[in-house]
Amino acid sequence: MADAPTVNIDDANGYTVGYGREKGQFRVFVLSGVGIIFTTAAFYTGSELLLAIGVAALGTAYYFFPLIETGRARLGANEYGIFIEGLGLIGWRSIEKIELIQIAVRTIINYEMQITLKQPVERALLADWRKMPIYRLLMRLPWTMGHSNTIRVPLEPFAEPADEIERTLNRMRRFYQS
């Protein structure tokens, strides 16, 4: 296999998935509105409590802002491996398994994709995208690191159904690892 080229998530080709259009609009726009209202009220009344509530609401809206950026690929795969925004490109040979996990919270079922690596993430990455611009450091990432070299990707905000994402990535893994 040839060396992986220097890639950027904006140049991603192959199978790509972005966030769904309706997934974060409520969170971002309502929290922004609440934050502006409380911050403005704090300015006129001099209340530190209103300022704290306003800043917390604006900070939360800022954290969820990536959910309304629908034109970008957040997750995907190509001939070199799986790419995840804010993490990098994981080579196919470094992936042990990809599985879909159901997580039940009261009456809601959330899906999470778990990518188990054969080696530590530092060695599994063909392209490392963990170093981000300073303004994106406090924004939501589409992944978390679990125990024993497992990358956890919550699939709820993505535009495609969870089972379709998992099935496509497993099909591509089998094809490119053979």
# chains A, B, ... in the order shown; residues from 1 in each chain; ligands from 1
>>> residues_around(residues="range 157-159 of chain A", least_positions_apart="4", cutoff="8 Å", atoms="only C-alpha atoms", output="CSV table (one decimal) with N, CA and C atoms, in the first residue's frame")
chain,number,residue,atom,x,y,z
A,17,VAL,N,-19.8,11.7,5.6
A,17,VAL,CA,-21.0,12.0,6.3
A,17,VAL,C,-20.9,13.3,7.1
A,18,GLY,N,-21.9,14.2,7.0
A,18,GLY,CA,-21.9,15.4,7.7
A,18,GLY,C,-23.0,15.4,8.7
A,19,TYR,N,-23.1,16.4,9.5
A,19,TYR,CA,-24.2,16.5,10.4
A,19,TYR,C,-25.5,16.8,9.7
A,20,GLY,N,-26.6,16.4,10.3
A,20,GLY,CA,-28.0,16.7,9.7
A,20,GLY,C,-28.3,18.1,9.9
A,21,ARG,N,-29.1,18.7,9.0
A,21,ARG,CA,-29.4,20.1,9.1
A,21,ARG,C,-30.2,20.5,10.3
A,23,LYS,N,-30.3,18.9,13.3
A,23,LYS,CA,-29.8,18.3,14.5
A,23,LYS,C,-29.3,19.3,15.6
A,24,GLY,N,-28.8,20.5,15.2
A,24,GLY,CA,-28.3,21.4,16.2
A,24,GLY,C,-28.9,22.8,16.2
A,67,LEU,N,-22.6,21.7,15.0
A,67,LEU,CA,-23.8,21.0,14.6
A,67,LEU,C,-24.6,21.7,13.5
>>> residues_around(residues="range 60-62 of chain A", least_positions_apart="2", cutoff="10 Å", atoms="only C-alpha atoms", output="PyMOL selection string")
chain A and resi 24-35+54-58+64-67+135-136+138-140
>>> atom_distance(atom1="CA of Pro161 in chain A", atom2="CA of Glu112 in chain A")
11.3 Å
>>> closest_residue(among="A:Arg72, A:Arg152, A:Arg174, A:Lys131", to="Ile101 in chain A", atoms="only C-alpha atoms")
A:Arg152
>>> select_by_dssp(residues="range 5-169 of chain A", states="strand (DSSP E or B)", output="PyMOL selection string")
chain A and resi 15-17+19+75-77+81-84+88-91+95-105+108-117+125-128+144-145+150-154+158
>>> residues_around(residues="Thr150 in chain A", least_positions_apart="6", cutoff="12 Å", atoms="only C-alpha atoms", output="ChimeraX atom specification")
/A:94-99,112-121,124,143-144
>>> write_last_selection(atoms="N, CA and C atoms", output="PDB file, in the first residue's frame")
ATOM      1  N   SER A  94      -4.806  -0.561  10.984  1.00  0.00           N
ATOM      2  CA  SER A  94      -4.776  -0.315  12.432  1.00  0.00           C
ATOM      3  C   SER A  94      -6.111  -0.590  13.105  1.00  0.00           C
ATOM      4  N   ILE A  95      -7.154  -0.875  12.326  1.00  0.00           N
ATOM      5  CA  ILE A  95      -8.500  -1.058  12.879  1.00  0.00           C
ATOM      6  C   ILE A  95      -8.769  -2.547  13.115  1.00  0.00           C
ATOM      7  N   GLU A  96      -9.087  -2.868  14.355  1.00  0.00           N
ATOM      8  CA  GLU A  96      -9.417  -4.248  14.698  1.00  0.00           C
ATOM      9  C   GLU A  96     -10.879  -4.553  14.393  1.00  0.00           C
ATOM     10  N   LYS A  97     -11.791  -3.652  14.826  1.00  0.00           N
ATOM     11  CA  LYS A  97     -13.209  -3.869  14.542  1.00  0.00           C
ATOM     12  C   LYS A  97     -13.965  -2.544  14.643  1.00  0.00           C
ATOM     13  N   ILE A  98     -15.093  -2.522  13.955  1.00  0.00           N
ATOM     14  CA  ILE A  98     -16.024  -1.393  13.999  1.00  0.00           C
ATOM     15  C   ILE A  98     -17.377  -1.980  14.371  1.00  0.00           C
ATOM     16  N   GLU A  99     -17.950  -1.477  15.452  1.00  0.00           N
ATOM     17  CA  GLU A  99     -19.245  -2.017  15.853  1.00  0.00           C
ATOM     18  C   GLU A  99     -20.197  -0.899  16.265  1.00  0.00           C
ATOM     19  N   GLU A 112     -24.021   4.528  18.991  1.00  0.00           N
ATOM     20  CA  GLU A 112     -22.631   4.953  19.048  1.00  0.00           C
ATOM     21  C   GLU A 112     -21.800   3.938  18.277  1.00  0.00           C
ATOM     22  N   MET A 113     -20.906   4.440  17.449  1.00  0.00           N
ATOM     23  CA  MET A 113     -20.003   3.565  16.731  1.00  0.00           C
ATOM     24  C   MET A 113     -18.704   3.498  17.522  1.00  0.00           C
ATOM     25  N   GLN A 114     -18.231   2.289  17.770  1.00  0.00           N
ATOM     26  CA  GLN A 114     -16.971   2.109  18.476  1.00  0.00           C
ATOM     27  C   GLN A 114     -15.960   1.497  17.530  1.00  0.00           C
ATOM     28  N   ILE A 115     -14.847   2.205  17.366  1.00  0.00           N
ATOM     29  CA  ILE A 115     -13.759   1.752  16.504  1.00  0.00           C
ATOM     30  C   ILE A 115     -12.625   1.301  17.417  1.00  0.00           C
ATOM     31  N   THR A 116     -12.368   0.010  17.433  1.00  0.00           N
ATOM     32  CA  THR A 116     -11.307  -0.545  18.262  1.00  0.00           C
ATOM     33  C   THR A 116     -10.041  -0.652  17.428  1.00  0.00           C
ATOM     34  N   LEU A 117      -8.956  -0.104  17.956  1.00  0.00           N
ATOM     35  CA  LEU A 117      -7.683  -0.078  17.245  1.00  0.00           C
ATOM     36  C   LEU A 117      -6.770  -1.200  17.720  1.00  0.00           C
ATOM     37  N   LYS A 118      -5.900  -1.668  16.831  1.00  0.00           N
ATOM     38  CA  LYS A 118      -4.923  -2.702  17.168  1.00  0.00           C
ATOM     39  C   LYS A 118      -3.713  -2.123  17.883  1.00  0.00           C
ATOM     40  N   GLN A 119      -3.521  -0.821  17.762  1.00  0.00           N
ATOM     41  CA  GLN A 119      -2.356  -0.154  18.335  1.00  0.00           C
ATOM     42  C   GLN A 119      -2.772   1.193  18.900  1.00  0.00           C
ATOM     43  N   PRO A 120      -1.914   1.864  19.642  1.00  0.00           N
ATOM     44  CA  PRO A 120      -2.282   3.179  20.185  1.00  0.00           C
ATOM     45  C   PRO A 120      -2.616   4.165  19.075  1.00  0.00           C
ATOM     46  N   VAL A 121      -3.484   5.108  19.389  1.00  0.00           N
ATOM     47  CA  VAL A 121      -3.991   6.039  18.385  1.00  0.00           C
ATOM     48  C   VAL A 121      -2.866   6.843  17.737  1.00  0.00           C
ATOM     49  N   ALA A 124      -1.653   4.702  15.018  1.00  0.00           N
ATOM     50  CA  ALA A 124      -2.688   4.324  14.056  1.00  0.00           C
ATOM     51  C   ALA A 124      -3.007   5.449  13.071  1.00  0.00           C
ATOM     52  N   TRP A 143     -16.115  12.868  18.285  1.00  0.00           N
ATOM     53  CA  TRP A 143     -15.554  11.627  18.825  1.00  0.00           C
ATOM     54  C   TRP A 143     -15.067  11.845  20.248  1.00  0.00           C
ATOM     55  N   THR A 144     -14.944  10.734  20.964  1.00  0.00           N
ATOM     56  CA  THR A 144     -14.278  10.716  22.262  1.00  0.00           C
ATOM     57  C   THR A 144     -13.415   9.461  22.307  1.00  0.00           C
TER      58      THR A 144
END
>>> atom_distance(atom1="CA of Arg93 in chain A", atom2="CA of Met132 in chain A")
25.6 Å
>>> atom_distance(atom1="CA of Gly76 in chain A", atom2="CA of Ala162 in chain A")
12.9 Å
